[in-house]
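K.L.:
Following this message is one structure expressed as C-alpha cells.
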Amino acid sequence: MDRRNLLKIGVATVAGAVLLEGTAAGTGLPPVEGMRGDRRANELWYQLDEIALYHPSQEVRDAYAVLFPFIQQNAPEGLYEKWRALSLAPGYPGNYAEFVKPVEQPLRTLSALQLGNFDRFYRGDEAGLAGAFAAFGQGVLFDPRRAPVESEVHTMDGDPPNGYHFWHAVQRAQMLLDIDRRRWAAINPLLGFAWALQSIAKPDHRHVNPGLPREQVRAQARYWLPRSPRQLDRDFRSAPYPG
C-alpha cells in the first residue's frame, strides 16, 4: 500500500465504507448475535486484540519482555513523551532512530504481527482498511464477544485516548529503522484519521454509537489521508486532541 494511493480511494468511498451497517454475508465470517457495524472491521480489531493482548505467541511475549522494560528504564514519562522531546530537538529524526535502535528486533516482531493481521482481512483493499480505521475512531464497531468484562466497542481505550500517540511513536520508530517503512508510512495517516474522528465523536466504550455525519468524516479524510510522516509528526505533538 502506498500513501498516495489512499487519495485515489476517494473521500466519498471512505466515508461510505465507515457508515454502512456490515453483515457477515460475503465475508466468510460467522454472524455474531448483537454485533453492530461492519463485520470484517469488527473482526480485524477483535483478532488484533487476540494476538497482541489476550493470547500472544511466545515470540510476541518475548518482544514485550524486551520492549516494555526498555521504555520504562529509558523513557520513564512514556514513549510518546520521549518521542515528542526528541522530535523537537535539532537532531531529529536521527536522534530518535538512535534511541530506539536497541529495541529494533521487538519492533520488527510487532510490525509483522500487526501487518499480518491487516493483510489477513484487508490485503489489497486500501479503502476497506481506511474504513476500518475510521470506524474504529468513531466507535461504531459494537462487538459483544468480550462483554461484560471488557468494553464491547472496538475503539482506542482511554478518555482521552492516548494510545494513538503511543502508536504513532512506535510507527515512527519502525519507519526510521526501515522496518516495513513504506507500509507504516501509508498506515500512519490512517492512525491520525482515526484519532481525529475519535477526538470529535468521543464514543461510549460500552454502548452502540451513531457515528459522525458523512460530511464531517469526509472533511477529516481530506485533511488526514494526504499527510506525510513529517506532517503527522507536527500533528501528533498536539495532545490529547488535534490542535
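For the C-alpha cells, the naming scheme is as follows: chains receive sequential letters (A, B, ...) according to their order of presentation, residues are indexed from 1 within each chain, and ligands are indexed from 1 in presentation order.
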For Leu67 (chain A), work out the shell of residues within 9 Å, counting only C-alpha atoms and skipping chain neighbours fewer than 4 positions away, then give it as JSON, numbers by chain.
P.N.:
{"A": [62, 63, 71, 72, 103, 106, 107]}
K.L.:
Write out, as a short mmCIF file (atom, residue, chain, number, x, y, z; two decimals), in the first residue's frame, the residues just selected, with C-alpha atoms.
P.N.:
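Result saved to out.cif:
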data_model
loop_
_atom_site.label_atom_id
_atom_site.label_comp_id
_atom_site.auth_asym_id
_atom_site.auth_seq_id
_atom_site.Cartn_x
_atom_site.Cartn_y
_atom_site.Cartn_z
CA ASP A 62 9.46 -12.24 24.28
CA ALA A 63 9.26 -8.98 22.31
CA ILE A 71 10.67 2.02 27.71
CA GLN A 72 10.30 2.04 31.50
CA VAL A 103 14.70 -2.47 20.50
CA PRO A 106 10.98 -6.38 19.17
CA LEU A 107 9.70 -3.65 16.85
#
K.L.:
When you look at Gln220 (chain A) with a cut-off of 9 Å (counting only C-alpha atoms), what residues show up, excluding the ones that are within fewer than 4 positions of it in the same chain? I need them as a ChimeraX atom specification.
P.N.:
/A:193,196-197,215-216,224-225
K.L.:
Write out as a Markdown table the residues of region 103-202 of chain A that have any atom within 7 Å of an atom of region 227-236 of chain A, one row each with the nearest atom pair and its distance in Å to one decimal, counting only C-alpha atoms, sorted by chain and then rising number.
P.N.:
| residue | atom | partner | partner_atom | distance |
| --- | --- | --- | --- | --- |
| A:His165 | CA | A:Phe236 | CA | 6.5 |
| A:Ala185 | CA | A:Pro229 | CA | 6.3 |
| A:Asn188 | CA | A:Pro229 | CA | 7.0 |
| A:Pro189 | CA | A:Arg227 | CA | 5.9 |
K.L.:
Please build the interface table for region 145-185 of chain A against region 31-40 of chain A with a cut-off of 10 Å, listing for each qualifying residue the nearest atom pair and the distance in Å to one decimal; count only C-alpha atoms, order rows by chain and increasing number, and write it as a Markdown table.
P.N.:
| residue | atom | partner | partner_atom | distance |
| --- | --- | --- | --- | --- |
| A:Arg145 | CA | A:Val32 | CA | 8.1 |
| A:Glu152 | CA | A:Met35 | CA | 9.2 |
| A:Val153 | CA | A:Arg36 | CA | 9.3 |
K.L.:
If you measure from CA of Ala169 (chain A) to CA of Tyr80 (chain A), what distance in Å do you get, rounded to one decimal?
P.N.:
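Pair CA of Ala169 (chain A) / CA of Tyr80 (chain A) returns 5.7 Å.
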K.L.:
I want to know what sits within 8 Å of Gly137 (chain A), based on only C-alpha atoms, with residues of the same chain fewer than 3 positions away left out; could you give that as a list in words?
P.N.:
Phe133, Ala134, Thr155, Met156, Phe193, Ala194, Trp195, Ala196, Leu197, Gln198 and Ala201 of chain A
K.L.:
How many Å separate CA of His154 (chain A) from CA of Leu141 (chain A)?
P.N.:
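Going from CA of His154 (chain A) over to CA of Leu141 (chain A) covers 5.5 Å.
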K.L.:
Could you check how far CA of Arg61 (chain A) sits from CA of Glu104 (chain A), in Å to one decimal?
P.N.:
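Taking CA of Arg61 (chain A) as the start and CA of Glu104 (chain A) as the end point, the length is 15.2 Å.
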K.L.:
If we count only C-alpha atoms and set the cut-off at 9 Å, which residues sit around Tyr46 (chain A), ignoring sequence neighbours fewer than 3 positions away in its own chain? Please answer as an MDAnalysis selection string.
P.N.:
chainID A and resid 41:43 49:50 143 145 154
K.L.:
Grab the residues selected above and save them as an mmCIF file, in the first residue's frame with N, CA and C atoms.
P.N.:
data_model
loop_
_atom_site.group_PDB
_atom_site.id
_atom_site.type_symbol
_atom_site.label_atom_id
_atom_site.label_comp_id
_atom_site.auth_asym_id
_atom_site.auth_seq_id
_atom_site.Cartn_x
_atom_site.Cartn_y
_atom_site.Cartn_z
ATOM 1 N N ALA A 41 -14.508 -5.335 9.730
ATOM 2 C CA ALA A 41 -13.770 -4.395 10.573
ATOM 3 C C ALA A 41 -13.817 -4.821 12.038
ATOM 4 N N ASN A 42 -14.963 -5.290 12.489
ATOM 5 C CA ASN A 42 -15.046 -5.817 13.851
ATOM 6 C C ASN A 42 -14.038 -6.934 14.058
ATOM 7 N N GLU A 43 -13.955 -7.820 13.085
ATOM 8 C CA GLU A 43 -13.065 -8.982 13.232
ATOM 9 C C GLU A 43 -11.595 -8.562 13.211
ATOM 10 N N ASP A 49 -6.581 -7.763 19.024
ATOM 11 C CA ASP A 49 -6.542 -7.914 20.477
ATOM 12 C C ASP A 49 -6.177 -9.342 20.872
ATOM 13 N N GLU A 50 -6.705 -10.309 20.142
ATOM 14 C CA GLU A 50 -6.414 -11.713 20.452
ATOM 15 C C GLU A 50 -4.920 -11.999 20.385
ATOM 16 N N ASP A 143 -19.107 -4.979 19.451
ATOM 17 C CA ASP A 143 -18.816 -6.416 19.417
ATOM 18 C C ASP A 143 -19.003 -6.986 20.815
ATOM 19 N N ARG A 145 -18.563 -9.862 22.124
ATOM 20 C CA ARG A 145 -17.875 -11.105 22.486
ATOM 21 C C ARG A 145 -17.042 -11.009 23.763
ATOM 22 N N HIS A 154 -15.075 -1.615 19.784
ATOM 23 C CA HIS A 154 -13.694 -1.572 19.311
ATOM 24 C C HIS A 154 -13.327 -0.129 19.006
#
K.L.:
Would you mind listing what lies within 12 Å of region 109-118 of chain A as a ChimeraX atom specification, with only C-alpha atoms counted and same-chain residues fewer than 5 positions away left out?
P.N.:
/A:1,40-41,43-53,56-64,66-67,103-104,123-126,128-130,132-133,167,170-175,177-184,186-187
K.L.:
I'd like to know which of A:Gly78, A:Pro148, A:Gly139, A:Pro90 is closest to Gly163 (chain A), using only C-alpha atoms.
P.N.:
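Closest residue, counting only C-alpha atoms: A:Gly78.
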K.L.:
When distances are computed from only C-alpha atoms, which of A:Ala65, A:Ala127, A:Ala135, A:Leu191 shows the smallest separation from Phe166 (chain A)?
P.N.:
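So, comparing all the options, the nearest one is A:Leu191.
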K.L.:
Got a sec: who's within 12 Å of Glu150 (chain A), counting only C-alpha atoms, leaving out chain neighbours fewer than 6 positions off, as number ranges by chain?
P.N.:
A: 46, 49, 54, 142-144, 157, 205-207
K.L.:
Between A:Ser199, A:Asn162, A:Gln138, A:Ser238, which one has atoms that come closest to Arg214 (chain A), using only C-alpha atoms?
P.N.:
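Closest residue, counting only C-alpha atoms: A:Gln138.
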